[in-house]
>>> print(open('entry_31.cif').read())   # mmCIF, C-alpha atoms and all ligand atoms
data_data
#
loop_
_atom_site.label_atom_id
_atom_site.label_comp_id
_atom_site.auth_asym_id
_atom_site.auth_seq_id
_atom_site.Cartn_x
_atom_site.Cartn_y
_atom_site.Cartn_z
CA MET A 1 83.50 98.34 134.65
CA GLU A 2 86.00 100.36 132.63
CA HIS A 3 84.46 103.55 131.25
CA LEU A 4 85.72 105.29 128.09
CA GLN A 5 85.08 108.64 126.53
CA CYS A 6 85.61 107.35 123.02
CA LEU A 7 85.75 103.77 121.79
CA ILE A 8 86.85 103.00 118.24
CA ILE A 9 86.03 99.59 116.81
CA GLY A 10 88.12 98.47 113.83
CA ALA A 11 91.64 99.22 112.66
CA GLY A 12 91.58 100.11 108.97
CA PRO A 13 92.12 103.56 107.44
CA ALA A 14 88.81 104.82 108.89
CA GLY A 15 89.51 103.58 112.42
CA PHE A 16 93.09 104.83 112.57
CA THR A 17 92.17 108.23 111.16
CA ALA A 18 89.42 108.51 113.76
CA ALA A 19 91.98 107.53 116.42
CA ILE A 20 94.46 110.21 115.30
CA TYR A 21 91.81 112.94 115.36
CA ALA A 22 90.21 111.77 118.61
CA ALA A 23 93.57 111.46 120.37
CA ARG A 24 94.62 114.94 119.26
CA ALA A 25 91.31 116.25 120.60
CA ASN A 26 92.06 114.71 124.04
CA LEU A 27 89.22 112.20 123.85
CA ASN A 28 91.59 109.43 125.07
CA PRO A 29 90.39 107.00 122.43
CA VAL A 30 90.68 103.26 122.93
CA MET A 31 90.68 101.15 119.78
CA TYR A 32 89.88 97.46 119.55
CA VAL A 33 91.47 96.16 116.37
CA GLY A 34 89.17 93.20 115.69
CA SER A 35 89.93 90.09 113.67
CA GLN A 36 91.83 91.78 110.82
CA PRO A 37 94.12 94.43 112.33
CA GLY A 38 94.95 96.90 109.57
CA GLY A 39 91.85 95.99 107.59
CA GLN A 40 91.62 95.09 103.92
CA LEU A 41 94.83 96.91 103.00
CA THR A 42 96.82 94.25 104.79
CA ILE A 43 95.85 91.80 102.04
CA THR A 44 96.76 94.08 99.14
CA ARG A 45 100.14 94.66 97.59
CA ASP A 46 101.18 98.12 96.42
CA VAL A 47 98.91 101.07 97.13
CA GLU A 48 99.57 103.68 94.48
CA ASN A 49 96.46 105.85 94.73
CA TYR A 50 96.74 107.10 98.31
CA PRO A 51 97.88 110.74 98.17
CA GLY A 52 101.18 111.52 99.85
CA PHE A 53 103.02 108.40 98.67
CA PRO A 54 104.43 109.42 95.27
CA ASP A 55 106.31 106.13 94.90
CA GLY A 56 103.44 104.00 96.22
CA VAL A 57 103.50 102.02 99.46
CA LEU A 58 102.77 98.43 100.42
CA GLY A 59 99.32 98.06 102.01
CA PRO A 60 100.61 96.44 105.25
CA GLU A 61 103.37 99.05 105.52
CA MET A 62 100.86 101.86 105.12
CA MET A 63 98.76 100.46 107.93
CA GLU A 64 101.84 100.27 110.18
CA LEU A 65 102.37 103.96 109.48
CA PHE A 66 98.73 104.73 110.34
CA GLU A 67 99.16 102.84 113.62
CA LYS A 68 102.45 104.56 114.44
CA GLN A 69 100.83 107.95 113.90
CA ALA A 70 97.86 107.08 116.16
CA LYS A 71 100.22 105.81 118.88
CA ARG A 72 102.27 108.99 118.67
CA PHE A 73 99.25 110.79 120.11
CA ASN A 74 98.72 108.06 122.73
CA ALA A 75 95.73 106.31 121.19
CA ASP A 76 95.31 103.11 123.22
CA ILE A 77 95.30 100.29 120.67
CA ARG A 78 94.23 96.91 121.97
CA ASN A 79 93.67 93.42 120.62
CA GLY A 80 90.15 92.13 120.94
CA ILE A 81 86.91 91.59 119.10
CA VAL A 82 83.61 93.22 120.00
CA THR A 83 81.28 90.29 120.59
CA ASP A 84 78.20 92.09 121.92
CA VAL A 85 76.80 95.59 122.37
CA ASP A 86 74.00 97.18 124.32
CA PHE A 87 73.02 100.54 122.87
CA SER A 88 69.69 100.67 124.71
CA SER A 89 70.87 103.33 127.17
CA HIS A 90 73.67 105.86 127.48
CA PRO A 91 76.56 105.32 128.17
CA HIS A 92 76.62 102.35 125.80
CA GLU A 93 77.92 98.97 126.87
CA ILE A 94 80.23 96.77 124.87
CA THR A 95 81.54 93.26 125.44
CA ILE A 96 85.01 92.33 124.25
CA ASP A 97 85.94 88.69 123.48
CA ASN A 98 82.81 87.53 125.35
CA ILE A 99 84.41 88.35 128.72
CA LYS A 100 85.28 92.00 129.25
CA ASN A 101 82.51 94.59 129.63
CA ILE A 102 83.19 98.27 129.10
CA SER A 103 81.04 101.36 128.75
CA ALA A 104 81.62 104.33 126.45
CA ASP A 105 80.18 107.79 125.97
CA SER A 106 80.88 107.73 122.24
CA ILE A 107 81.52 104.88 119.86
CA ILE A 108 83.03 105.01 116.39
CA ILE A 109 82.34 101.91 114.32
CA ALA A 110 84.96 101.35 111.63
CA THR A 111 84.70 97.60 111.13
CA GLY A 112 84.85 97.73 107.32
CA ALA A 113 83.56 95.26 104.81
CA SER A 114 84.98 92.04 103.49
CA ALA A 115 85.10 91.03 99.86
CA LYS A 116 83.31 87.83 99.04
CA TRP A 117 85.52 85.18 97.47
CA LEU A 118 84.73 82.11 95.39
CA GLY A 119 86.46 79.85 97.90
CA LEU A 120 88.85 78.14 95.48
CA PRO A 121 92.16 77.01 97.07
CA SER A 122 94.05 78.45 94.05
CA GLU A 123 92.30 81.80 94.53
CA THR A 124 93.54 81.96 98.14
CA ARG A 125 97.06 80.81 97.23
CA LEU A 126 97.49 83.44 94.50
CA ASN A 127 95.80 86.29 96.38
CA GLY A 128 98.03 89.34 95.89
CA SER A 129 99.95 87.53 93.11
CA GLY A 130 97.45 88.13 90.33
CA VAL A 131 94.23 87.54 92.26
CA SER A 132 92.45 90.66 93.49
CA ALA A 133 89.04 91.82 94.64
CA CYS A 134 89.61 95.46 93.69
CA ALA A 135 90.12 96.57 90.09
CA VAL A 136 90.54 100.22 91.04
CA CYS A 137 93.34 99.26 93.47
CA ASP A 138 95.16 96.72 91.34
CA GLY A 139 94.06 97.13 87.71
CA PHE A 140 97.03 99.37 86.95
CA PHE A 141 99.42 96.43 87.41
CA TYR A 142 97.83 94.66 84.44
CA ARG A 143 98.18 97.42 81.85
CA GLY A 144 98.28 95.94 78.35
CA GLN A 145 97.64 92.42 79.67
CA ASP A 146 94.68 90.05 79.58
CA VAL A 147 92.54 89.63 82.69
CA ALA A 148 89.40 87.80 83.83
CA ILE A 149 86.73 89.09 86.17
CA VAL A 150 84.02 87.06 87.91
CA GLY A 151 80.62 88.57 88.69
CA ALA A 152 77.63 90.09 86.96
CA GLY A 153 76.48 92.86 89.27
CA ASP A 154 77.04 96.61 88.97
CA THR A 155 80.43 96.29 90.67
CA ALA A 156 81.63 93.65 88.21
CA CYS A 157 80.42 95.74 85.26
CA GLU A 158 81.99 98.90 86.63
CA GLU A 159 85.27 97.10 87.27
CA ALA A 160 85.23 95.36 83.87
CA LEU A 161 84.79 98.76 82.20
CA TYR A 162 87.58 100.22 84.33
CA LEU A 163 89.88 97.33 83.40
CA SER A 164 88.95 97.60 79.70
CA LYS A 165 90.58 101.03 79.63
CA LEU A 166 93.86 99.65 81.00
CA CYS A 167 94.08 96.08 79.82
CA ASN A 168 94.41 94.47 76.44
CA HIS A 169 91.40 92.21 76.96
CA VAL A 170 88.89 91.53 79.72
CA HIS A 171 87.08 88.18 80.03
CA MET A 172 83.94 88.47 82.13
CA LEU A 173 82.82 85.19 83.67
CA ILE A 174 79.09 85.06 84.38
CA ARG A 175 77.52 81.97 85.92
CA ARG A 176 74.02 82.43 84.48
CA ASP A 177 72.66 83.58 81.11
CA GLU A 178 71.86 87.06 82.41
CA MET A 179 73.44 89.81 84.45
CA ARG A 180 72.15 91.20 87.70
CA ALA A 181 73.60 94.65 86.88
CA SER A 182 71.50 97.63 85.80
CA LYS A 183 70.57 97.63 82.12
CA ILE A 184 72.73 100.63 81.31
CA MET A 185 75.83 98.97 82.78
CA GLN A 186 75.08 95.74 80.94
CA LYS A 187 74.79 97.65 77.68
CA ARG A 188 78.09 99.42 78.22
CA VAL A 189 79.86 96.13 78.92
CA ILE A 190 78.37 94.37 75.91
CA ASN A 191 79.28 97.29 73.66
CA THR A 192 82.90 97.45 74.77
CA PRO A 193 85.00 95.75 72.08
CA ASN A 194 87.75 94.43 74.35
CA ILE A 195 85.38 92.81 76.85
CA THR A 196 84.22 89.26 76.10
CA VAL A 197 81.28 88.05 78.15
CA HIS A 198 81.36 84.30 78.84
CA TRP A 199 77.85 83.12 79.82
CA HIS A 200 77.30 80.04 81.99
CA ALA A 201 80.95 80.32 82.91
CA GLU A 202 82.28 79.23 86.31
CA ALA A 203 85.89 79.64 87.35
CA GLU A 204 87.10 76.23 88.46
CA GLU A 205 90.75 76.96 89.13
CA VAL A 206 93.13 79.88 88.95
CA ILE A 207 96.23 78.60 87.19
CA GLY A 208 99.79 79.59 88.10
CA GLU A 209 102.64 78.61 90.42
CA GLN A 210 103.97 81.94 91.73
CA ILE A 211 101.76 84.28 89.70
CA VAL A 212 98.52 83.93 87.76
CA THR A 213 98.93 82.63 84.21
CA GLY A 214 95.37 81.57 83.45
CA VAL A 215 92.00 80.39 84.62
CA ARG A 216 90.22 77.11 83.98
CA VAL A 217 86.56 77.75 83.26
CA LYS A 218 83.65 75.32 83.23
CA ASP A 219 80.68 75.89 80.95
CA ASN A 220 77.89 74.81 83.30
CA LEU A 221 75.50 74.04 80.40
CA ASN A 222 77.56 71.36 78.73
CA GLU A 223 80.09 70.72 81.54
CA GLU A 224 82.98 71.36 79.15
CA THR A 225 86.07 73.13 80.45
CA TYR A 226 88.43 75.54 78.74
CA VAL A 227 91.44 77.61 79.75
CA LEU A 228 91.81 81.37 79.31
CA ALA A 229 95.35 82.73 79.41
CA VAL A 230 95.18 85.73 81.76
CA GLN A 231 97.64 87.50 84.04
CA GLY A 232 95.06 88.99 86.40
CA PHE A 233 92.03 87.37 88.03
CA PHE A 234 89.50 89.72 89.61
CA VAL A 235 86.63 88.65 91.83
CA ALA A 236 83.69 91.08 92.00
CA ILE A 237 80.87 89.05 93.52
CA GLY A 238 79.98 91.49 96.28
CA HIS A 239 81.09 92.53 99.75
CA HIS A 240 79.58 91.98 103.13
CA PRO A 241 79.76 94.73 105.74
CA ASN A 242 81.05 93.70 109.15
CA ALA A 243 78.05 95.07 111.01
CA LYS A 244 76.19 92.04 112.28
CA VAL A 245 77.00 92.56 115.95
CA PHE A 246 75.40 96.03 115.81
CA SER A 247 72.38 95.22 113.70
CA GLN A 248 69.99 94.78 116.63
CA TYR A 249 70.33 98.48 117.43
CA LEU A 250 71.48 100.26 114.28
CA ASP A 251 69.51 100.89 111.12
CA THR A 252 71.04 99.00 108.22
CA ASP A 253 70.09 98.75 104.55
CA ASP A 254 68.94 95.57 102.81
CA GLN A 255 72.56 94.46 102.42
CA GLY A 256 73.47 95.11 106.04
CA TYR A 257 75.41 98.38 105.58
CA ILE A 258 74.97 100.78 108.51
CA ILE A 259 72.84 103.75 107.50
CA THR A 260 74.31 107.14 108.41
CA GLN A 261 72.68 110.54 108.13
CA PRO A 262 73.44 112.50 104.94
CA ASP A 263 76.81 114.31 105.08
CA SER A 264 77.43 112.79 108.49
CA THR A 265 78.64 109.64 110.25
CA LYS A 266 75.77 109.76 112.79
CA THR A 267 73.74 106.58 113.11
CA ASN A 268 70.22 106.35 114.52
CA ILE A 269 71.67 106.02 118.04
CA PRO A 270 73.05 109.25 119.57
CA GLY A 271 76.75 108.90 120.32
CA VAL A 272 77.27 106.02 117.88
CA PHE A 273 79.04 106.90 114.64
CA ALA A 274 79.93 104.74 111.64
CA CYS A 275 82.65 105.42 109.10
CA GLY A 276 84.49 103.66 106.29
CA ASP A 277 83.32 100.66 104.33
CA VAL A 278 80.85 99.45 106.96
CA GLN A 279 78.62 102.35 105.85
CA ASP A 280 79.90 102.93 102.29
CA LYS A 281 79.16 100.49 99.52
CA HIS A 282 79.85 102.95 96.72
CA PHE A 283 83.42 104.27 96.98
CA ARG A 284 85.26 101.75 99.18
CA GLN A 285 88.62 103.48 98.89
CA ALA A 286 91.22 103.87 101.64
CA VAL A 287 91.21 107.61 101.16
CA THR A 288 87.41 107.95 101.40
CA ALA A 289 87.41 105.67 104.47
CA ALA A 290 90.08 107.84 106.09
CA GLY A 291 88.03 110.95 105.30
CA SER A 292 84.95 109.55 106.95
CA GLY A 293 87.06 108.44 109.96
CA CYS A 294 88.04 112.07 110.40
CA MET A 295 84.36 113.10 110.19
CA ALA A 296 83.41 110.52 112.84
CA ALA A 297 86.02 111.76 115.31
CA LEU A 298 84.95 115.39 114.82
CA GLU A 299 81.31 114.44 115.30
CA ALA A 300 82.14 112.36 118.39
CA GLU A 301 84.01 115.34 119.85
CA ARG A 302 81.00 117.61 119.27
CA PHE A 303 78.68 115.01 120.76
CA LEU A 304 80.85 114.65 123.88
CA THR A 305 80.86 118.41 124.34
CA THR A 306 77.06 118.46 124.36
CA VAL A 307 76.91 115.47 126.75
CA GLU A 308 79.33 117.18 129.14
CA ALA A 309 77.31 120.41 128.97
CA HIS A 310 74.16 118.40 129.69
CA VAL A 311 75.77 116.60 132.67
CA SER A 312 77.27 119.78 134.18
CA SER A 313 73.99 121.72 133.83
CA ALA A 314 72.22 118.86 135.68
CA ASP A 315 74.79 118.97 138.56
P1 LIG A 401 75.61 92.13 93.70
O1 LIG A 401 75.18 91.31 94.85
O2 LIG A 401 74.65 93.06 93.08
O3 LIG A 401 76.11 91.15 92.53
C1 LIG A 401 76.96 90.08 92.81
C2 LIG A 401 77.18 89.34 91.51
O4 LIG A 401 78.13 88.31 91.77
C3 LIG A 401 75.93 88.68 90.97
O5 LIG A 401 75.91 88.81 89.59
C4 LIG A 401 76.11 87.22 91.36
O6 LIG A 401 75.60 86.30 90.43
C5 LIG A 401 77.61 87.07 91.32
N1 LIG A 401 78.06 86.01 92.18
C6 LIG A 401 77.83 85.87 93.52
N2 LIG A 401 78.43 84.77 93.98
C7 LIG A 401 79.04 84.19 92.92
C8 LIG A 401 79.81 83.03 92.74
N3 LIG A 401 80.10 82.22 93.75
N4 LIG A 401 80.27 82.74 91.50
C9 LIG A 401 79.99 83.54 90.46
N5 LIG A 401 79.28 84.67 90.55
C10 LIG A 401 78.80 84.98 91.76
O7 LIG A 401 76.96 92.87 94.20
P2 LIG A 401 77.66 94.20 93.65
O8 LIG A 401 78.90 94.34 94.44
O9 LIG A 401 77.80 94.16 92.18
O10 LIG A 401 76.68 95.37 94.02
C11 LIG A 401 76.26 95.58 95.37
C12 LIG A 401 75.24 96.73 95.40
O11 LIG A 401 75.90 97.96 95.13
C13 LIG A 401 74.15 96.58 94.36
O12 LIG A 401 72.96 97.07 94.89
C14 LIG A 401 74.62 97.45 93.23
O13 LIG A 401 73.55 97.92 92.42
C15 LIG A 401 75.30 98.58 93.99
N6 LIG A 401 76.32 99.22 93.16
C16 LIG A 401 75.96 100.32 92.46
C17 LIG A 401 76.87 100.94 91.65
C18 LIG A 401 76.46 102.15 90.91
O14 LIG A 401 75.31 102.53 91.02
N7 LIG A 401 77.34 102.76 90.16
C19 LIG A 401 78.25 100.46 91.49
C20 LIG A 401 78.50 99.26 92.25
C21 LIG A 401 77.56 98.69 93.05
P3 LIG A 401 74.02 86.00 90.32
O15 LIG A 401 73.42 87.19 89.65
O16 LIG A 401 73.99 84.76 89.47
O17 LIG A 401 73.54 85.77 91.71
#
>>> encode(input="entry_31.cif", output="structure tokens", more="lines below")
Ligand code: NDP
Amino acid sequence: MEHLQCLIIGAGPAGFTAAIYAARANLNPVMYVGSQPGGQLTITRDVENYPGFPDGVLGPEMMELFEKQAKRFNADIRNGIVTDVDFSSHPHEITIDNIKNISADSIIIATGASAKWLGLPSETRLNGSGVSACAVCDGFFYRGQDVAIVGAGDTACEEALYLSKLCNHVHMLIRRDEMRASKIMQKRVINTPNITVHWHAEAEEVIGEQIVTGVRVKDNLNEETYVLAVQGFFVAIGHHPNAKVFSQYLDTDDQGYIITQPDSTKTNIPGVFACGDVQDKHFRQAVTAAGSGCMAALEAERFLTTVEAHVSSAD
């Protein structure tokens, strides 16, 4: 069985940053990129809020740069999905694509989270052309325009308020007659003059050929439909962390996010670290993910030093 010093699972900003730091620390990291190499940034357009790119950069291009930088230091980047893990003893065992078993002294989990989507064909077709799941990333492109946002949780409220500062008008589409969000967020949304809350409202179709021009909405009380002219369509109905394969061993919260120790990427299993969106439901930014990837690599390095000291003192 192949044995690794440092295994990195996931290839978004957190994973690649961990790879750069681990490679430069001579940990010979091996990264398995998973089912979405490059992570969520590969499905966004321009990234204008990542420091160091004064003119902005396309999400996929930025991830190519991350990869190039990791390869420069000989990080071993491989295709493959982690299909099973056994963290019951050290070194930990991992199965790739149901066939290949490897063991690793340290593991950095950077598998991210995935936005939930409504599942409308028009939503998929216009993704990146007016449809977005991140107001903080893409709201800027709709300055002075009208937008719609689906969802009624804290994220939807936060994003609606964020958009209200940039956009001419924000239509919030809520499928029930109440919001799930905290009362204070609800109050802020209701009291914002350029946000209109549409109750019992379900998005039926995002309208537009090349770019979004509107949304057809169904009132689920009377089954009537109406069209809102909007240039941006935001979906904020939650995320799901990609942590299921680890959940037998790692502590997770009620939504499945991996729990890490305060100010640390350490999980409840020694030698297993988690960084990026798989353990962060609050910030979810490329730059915060990259920061926590750096933390994970530094913590893995320290962990490996103590393991080596332990092994050599036992010899
Ligand atoms: P939530 O799960 O809390 O809310 C999801 C919302 O999306 C619900 O209102 C739900 O409607 C709606 N929804 C789900 N599916 C659909 C659908 N198919 N069509 C229409 N609407 C749909 O997710 P959030 O991302 O908002 O929040 C996740 C967690 O993070 C929460 O615990 C939240 O409190 C927390 N958070 C905290 C923040 C803060 O403290 N500042 C900021 C952001 C998040 P319904 O209610 O009808 O089910």
>>> residues_around(input="entry_31.cif", residues="Asn101 (chain A)", least_positions_apart="4", cutoff="10 Å", atoms="all atoms listed in the file", output="number ranges by chain")
A: 1-3, 82, 84-85, 93-97
>>> residues_near_ligand(input="entry_31.cif", ligand="ligand LIG 401 (chain A)", cutoff="7 Å", atoms="only C-alpha atoms and all ligand atoms", output="PyMOL selection string")
chain A and resi 118+150-156+158+174-176+179-182+202+236-239+281-282
>>> atom_distance(input="entry_31.cif", atom1="CA of Arg188 (chain A)", atom2="CA of Cys137 (chain A)")
21.6 Å
>>> closest_residue(input="entry_31.cif", among="A:Ser129, A:Thr83, A:Asn194, A:Gln186", to="Gln145 (chain A)", atoms="all atoms listed in the file")
A:Asn194
>>> atom_distance(input="entry_31.cif", atom1="CA of Gly271 (chain A)", atom2="CA of Ala70 (chain A)")
21.6 Å
>>> atom_distance(input="entry_31.cif", atom1="CA of Met63 (chain A)", atom2="CA of Gly139 (chain A)")
21.0 Å
>>> residues_near_point(input="entry_31.cif", point="(79.2, 105.0, 128.6)", cutoff="10 Å", atoms="all atoms listed in the file", output="list in words")
Met1, Glu2, His3, Leu4, Gln5, Cys6, Leu7, Phe87, Ser89, His90, Pro91, His92, Glu93, Ile94, Ile102, Ser103, Ala104, Asp105, Ser106, Ile107 and Gly271 of chain A
>>> write_last_selection(input="entry_31.cif", atoms="C-alpha atoms", output="PDB file, keeping the file's coordinate frame")
ATOM      1  CA  MET A   1      83.500  98.340 134.650  1.00  0.00           C
ATOM      2  CA  GLU A   2      86.000 100.360 132.630  1.00  0.00           C
ATOM      3  CA  HIS A   3      84.460 103.550 131.250  1.00  0.00           C
ATOM      4  CA  LEU A   4      85.720 105.290 128.090  1.00  0.00           C
ATOM      5  CA  GLN A   5      85.080 108.640 126.530  1.00  0.00           C
ATOM      6  CA  CYS A   6      85.610 107.350 123.020  1.00  0.00           C
ATOM      7  CA  LEU A   7      85.750 103.770 121.790  1.00  0.00           C
ATOM      8  CA  PHE A  87      73.020 100.540 122.870  1.00  0.00           C
ATOM      9  CA  SER A  89      70.870 103.330 127.170  1.00  0.00           C
ATOM     10  CA  HIS A  90      73.670 105.860 127.480  1.00  0.00           C
ATOM     11  CA  PRO A  91      76.560 105.320 128.170  1.00  0.00           C
ATOM     12  CA  HIS A  92      76.620 102.350 125.800  1.00  0.00           C
ATOM     13  CA  GLU A  93      77.920  98.970 126.870  1.00  0.00           C
ATOM     14  CA  ILE A  94      80.230  96.770 124.870  1.00  0.00           C
ATOM     15  CA  ILE A 102      83.190  98.270 129.100  1.00  0.00           C
ATOM     16  CA  SER A 103      81.040 101.360 128.750  1.00  0.00           C
ATOM     17  CA  ALA A 104      81.620 104.330 126.450  1.00  0.00           C
ATOM     18  CA  ASP A 105      80.180 107.790 125.970  1.00  0.00           C
ATOM     19  CA  SER A 106      80.880 107.730 122.240  1.00  0.00           C
ATOM     20  CA  ILE A 107      81.520 104.880 119.860  1.00  0.00           C
ATOM     21  CA  GLY A 271      76.750 108.900 120.320  1.00  0.00           C
TER      22      GLY A 271
END
>>> closest_residue(input="entry_31.cif", among="A:Thr42, A:Asn74, A:Ser292, A:Gln69", to="Val30 (chain A)", atoms="only C-alpha atoms")
A:Asn74
>>> closest_residue(input="entry_31.cif", among="A:Gly34, A:Gly15, A:Pro262, A:Gly128", to="Ile211 (chain A)", atoms="only C-alpha atoms")
A:Gly128
>>> closest_residue(input="entry_31.cif", among="A:Thr252, A:Gln210, A:Thr196, A:Asn268", to="Asp280 (chain A)", atoms="only C-alpha atoms")
A:Thr252
>>> residues_around(input="entry_31.cif", residues="Leu173 (chain A)", least_positions_apart="5", cutoff="12 Å", atoms="only C-alpha atoms", output="PyMOL selection string")
chain A and resi 147-153+156-157+160+178-179+195-204+215-220+228+233-237
>>> residues_around(input="entry_31.cif", residues="Val47 (chain A)", least_positions_apart="6", cutoff="12 Å", atoms="all atoms listed in the file", output="ChimeraX atom specification")
/A:40-41,53-63,128,134,136-141,285-287
>>> closest_residue(input="entry_31.cif", among="A:Pro13, A:Gly130, A:Gly38, A:Gly293", to="Glu209 (chain A)", atoms="all atoms listed in the file")
A:Gly130
>>> decode(input="entry_31.cif", residues="region 193-200 of chain A", atoms="all heavy atoms", output="PDB file, in the first residue's frame")
ATOM      1  N   PRO A 193     -36.156  49.968   2.013  1.00  0.00           N
ATOM      2  CA  PRO A 193     -37.130  50.440   1.019  1.00  0.00           C
ATOM      3  C   PRO A 193     -36.976  49.803  -0.365  1.00  0.00           C
ATOM      4  O   PRO A 193     -37.980  49.595  -1.049  1.00  0.00           O
ATOM      5  CB  PRO A 193     -36.864  51.954   0.933  1.00  0.00           C
ATOM      6  CG  PRO A 193     -35.990  52.296   2.081  1.00  0.00           C
ATOM      7  CD  PRO A 193     -35.347  51.058   2.584  1.00  0.00           C
ATOM      8  N   ASN A 194     -35.744  49.499  -0.777  1.00  0.00           N
ATOM      9  CA  ASN A 194     -35.620  48.947  -2.141  1.00  0.00           C
ATOM     10  C   ASN A 194     -35.568  47.415  -2.178  1.00  0.00           C
ATOM     11  O   ASN A 194     -35.093  46.825  -3.135  1.00  0.00           O
ATOM     12  CB  ASN A 194     -34.424  49.568  -2.884  1.00  0.00           C
ATOM     13  CG  ASN A 194     -33.093  49.191  -2.267  1.00  0.00           C
ATOM     14  OD1 ASN A 194     -33.033  48.836  -1.094  1.00  0.00           O
ATOM     15  ND2 ASN A 194     -32.031  49.268  -3.043  1.00  0.00           N
ATOM     16  N   ILE A 195     -36.091  46.784  -1.094  1.00  0.00           N
ATOM     17  CA  ILE A 195     -36.314  45.327  -1.158  1.00  0.00           C
ATOM     18  C   ILE A 195     -37.815  45.076  -1.109  1.00  0.00           C
ATOM     19  O   ILE A 195     -38.503  45.561  -0.199  1.00  0.00           O
ATOM     20  CB  ILE A 195     -35.646  44.579   0.025  1.00  0.00           C
ATOM     21  CG1 ILE A 195     -34.130  44.778   0.021  1.00  0.00           C
ATOM     22  CG2 ILE A 195     -35.980  43.088  -0.027  1.00  0.00           C
ATOM     23  CD1 ILE A 195     -33.400  44.096   1.192  1.00  0.00           C
ATOM     24  N   THR A 196     -38.328  44.335  -2.092  1.00  0.00           N
ATOM     25  CA  THR A 196     -39.729  43.913  -2.046  1.00  0.00           C
ATOM     26  C   THR A 196     -39.769  42.420  -1.737  1.00  0.00           C
ATOM     27  O   THR A 196     -39.131  41.624  -2.437  1.00  0.00           O
ATOM     28  CB  THR A 196     -40.433  44.148  -3.405  1.00  0.00           C
ATOM     29  OG1 THR A 196     -40.323  45.527  -3.736  1.00  0.00           O
ATOM     30  CG2 THR A 196     -41.901  43.735  -3.359  1.00  0.00           C
ATOM     31  N   VAL A 197     -40.475  42.069  -0.682  1.00  0.00           N
ATOM     32  CA  VAL A 197     -40.625  40.654  -0.338  1.00  0.00           C
ATOM     33  C   VAL A 197     -41.888  40.117  -1.022  1.00  0.00           C
ATOM     34  O   VAL A 197     -42.968  40.677  -0.881  1.00  0.00           O
ATOM     35  CB  VAL A 197     -40.715  40.469   1.191  1.00  0.00           C
ATOM     36  CG1 VAL A 197     -41.030  39.008   1.527  1.00  0.00           C
ATOM     37  CG2 VAL A 197     -39.410  40.891   1.859  1.00  0.00           C
ATOM     38  N   HIS A 198     -41.717  39.046  -1.795  1.00  0.00           N
ATOM     39  CA  HIS A 198     -42.853  38.396  -2.458  1.00  0.00           C
ATOM     40  C   HIS A 198     -43.132  37.092  -1.698  1.00  0.00           C
ATOM     41  O   HIS A 198     -42.331  36.161  -1.765  1.00  0.00           O
ATOM     42  CB  HIS A 198     -42.526  38.070  -3.916  1.00  0.00           C
ATOM     43  CG  HIS A 198     -42.186  39.272  -4.747  1.00  0.00           C
ATOM     44  ND1 HIS A 198     -43.070  39.816  -5.661  1.00  0.00           N
ATOM     45  CD2 HIS A 198     -41.065  40.032  -4.802  1.00  0.00           C
ATOM     46  CE1 HIS A 198     -42.498  40.864  -6.244  1.00  0.00           C
ATOM     47  NE2 HIS A 198     -41.284  41.015  -5.740  1.00  0.00           N
ATOM     48  N   TRP A 199     -44.222  37.036  -0.958  1.00  0.00           N
ATOM     49  CA  TRP A 199     -44.567  35.830  -0.200  1.00  0.00           C
ATOM     50  C   TRP A 199     -45.215  34.808  -1.126  1.00  0.00           C
ATOM     51  O   TRP A 199     -45.788  35.162  -2.160  1.00  0.00           O
ATOM     52  CB  TRP A 199     -45.525  36.169   0.946  1.00  0.00           C
ATOM     53  CG  TRP A 199     -44.992  37.220   1.877  1.00  0.00           C
ATOM     54  CD1 TRP A 199     -45.352  38.531   1.935  1.00  0.00           C
ATOM     55  CD2 TRP A 199     -43.977  37.048   2.889  1.00  0.00           C
ATOM     56  NE1 TRP A 199     -44.643  39.193   2.910  1.00  0.00           N
ATOM     57  CE2 TRP A 199     -43.790  38.311   3.521  1.00  0.00           C
ATOM     58  CE3 TRP A 199     -43.220  35.969   3.322  1.00  0.00           C
ATOM     59  CZ2 TRP A 199     -42.876  38.499   4.553  1.00  0.00           C
ATOM     60  CZ3 TRP A 199     -42.309  36.170   4.356  1.00  0.00           C
ATOM     61  CH2 TRP A 199     -42.149  37.413   4.957  1.00  0.00           C
ATOM     62  N   HIS A 200     -45.139  33.547  -0.728  1.00  0.00           N
ATOM     63  CA  HIS A 200     -45.733  32.450  -1.513  1.00  0.00           C
ATOM     64  C   HIS A 200     -45.233  32.472  -2.953  1.00  0.00           C
ATOM     65  O   HIS A 200     -45.970  32.126  -3.870  1.00  0.00           O
ATOM     66  CB  HIS A 200     -47.271  32.540  -1.498  1.00  0.00           C
ATOM     67  CG  HIS A 200     -47.847  32.233  -0.155  1.00  0.00           C
ATOM     68  ND1 HIS A 200     -47.864  30.974   0.365  1.00  0.00           N
ATOM     69  CD2 HIS A 200     -48.389  33.046   0.777  1.00  0.00           C
ATOM     70  CE1 HIS A 200     -48.400  31.004   1.566  1.00  0.00           C
ATOM     71  NE2 HIS A 200     -48.728  32.254   1.847  1.00  0.00           N
TER      72      HIS A 200
END
